[in-house]
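Worksheet: the structure to be examined is printed underneath.
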Amino acid sequence: MPQTCGTCDSFITPTVPGLKCSQCGVCYHIKCVDISKGQYDNFKSITGLEWKCHTCRNLVKSNTASPCKCCEIIPQLKLLIDKLSDSVKTLQEQLLEAKNVPADTNYEEIVQEVADRQIRKSNLIFYGIPEQSSTLPPAGKISKDLDYVKEFLAEFGNTDEPTTTVLKCNRLGKFDPNRSLPRPIRIILDNPDHVLSVLRKVKENRNRIQNSQRFHNVKVSSDKTPKQNAYFRNVKQELQRREAEGESDLQIKFVKGIPRIIKVSNHLKS
């Protein structure tokens, strides 16, 4: 016959487990005596351990001249066991992840890539902004480029964020008079959150930009590392290959900043 709990008088079952006091023999639900499932499992896994209920522990204390040190240590041991169990679980998960990492992984390159991406988080790259007059001094060219960028942001990149401050503006690459396309411009903003806000706003204003007489050639993107650009090129090539093989309704979508090929359902297209 199932035993009942000495606290709530309900049955003790495999799904609602309990512990039996080694002194008085009364059983208690673990939840009724503030014992977690993890503590219970650890307790049952160790042969020979005895558990005393609160009443019997108090009785031992009252009959002992000095406080029972065991009763003081047990709660601390329970906490320690819980922490050790969590640590073991974390290590097991990390071990499983490590097994999935290629053996030839260069961790130094990974660290450098992460650091490079962190540095670029506050940057925006502008394409299609005409080169300034060659008669201007370098500082004058930078000033003109910055004015152009600020004018563009004021019209198409204005967000609900506080005023965006451009910390630095410069052309990428060396000027080549024989080059048909203007060099990209990199700007550094004071807050990386503003980069995402500006990109969202520019995307919303895409049609207005294309219809603008002054800015119709301007495009804006985040500042990606060479590895990010290479990955994106591979994704585009994969998209082209799949479309050439007959797949349809595919598009590239950034999921948490990573380009993915997704299939667009008909109701989303409409």
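Scheme for the structure tokens: letters A, B, ... for chains in order shown; per-chain residue numbers from 1; ligand numbers from 1 in order shown.
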Counting only C-alpha atoms, which residues in range 190-232 of chain A sit no more than 6 Å from range 147-159 of chain A? For each one, give the nearest pair of atoms and the distance in Å, sorted by chain then residue number, as a Markdown table.
```
| residue | atom | partner | partner_atom | distance |
| --- | --- | --- | --- | --- |
| A:Val198 | CA | A:Gly157 | CA | 4.9 |
| A:Lys201 | CA | A:Gly157 | CA | 5.2 |
| A:Val202 | CA | A:Gly157 | CA | 5.4 |
```
Distance query Phe126 in chain A at most 6 Å, only C-alpha atoms, self and fewer than 2 positions along chain excluded, as a compact mmCIF listing (two decimals) with C-alpha atoms, in the first residue's frame:
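The new file around-v2.txt reads:
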```txt
# COMPACT_ATOMS: atom_id res chain seq x y z
CA PRO A 184 33.49 53.85 -51.46
CA ILE A 185 33.24 56.07 -48.40
CA LYS A 219 23.89 52.60 -51.92
CA VAL A 220 24.61 51.93 -48.24
```
Under the rule that only C-alpha atoms are counted, which of A:Val16, A:Ala244, A:Ile81, A:Leu196 is the nearest residue to Ser221 in chain A?
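Comparing A:Val16, A:Ala244, A:Ile81, A:Leu196 against Ser221 in chain A, the winner is A:Leu196.
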Separation of CA of Lys141 in chain A from CA of Arg183 in chain A in Å
12.6 Å
What are the closest atom pairs, with distances in Å to one decimal, for each residue of range 115-232 of chain A lying within 10 Å of range 258-262 of chain A, using only C-alpha atoms, rows by chain and rising residue number, as CSV?
```
residue,atom,partner,partner_atom,distance
A:Gln228,CA,A:Ile258,CA,8.8
A:Tyr231,CA,A:Pro259,CA,8.4
A:Phe232,CA,A:Pro259,CA,6.6
```
Kindly give the distance, in Å, that separates CA of Lys256 in chain A and CA of Gly128 in chain A, rounded to a single decimal.
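Taking CA of Lys256 in chain A and CA of Gly128 in chain A, their separation equals 27.3 Å.
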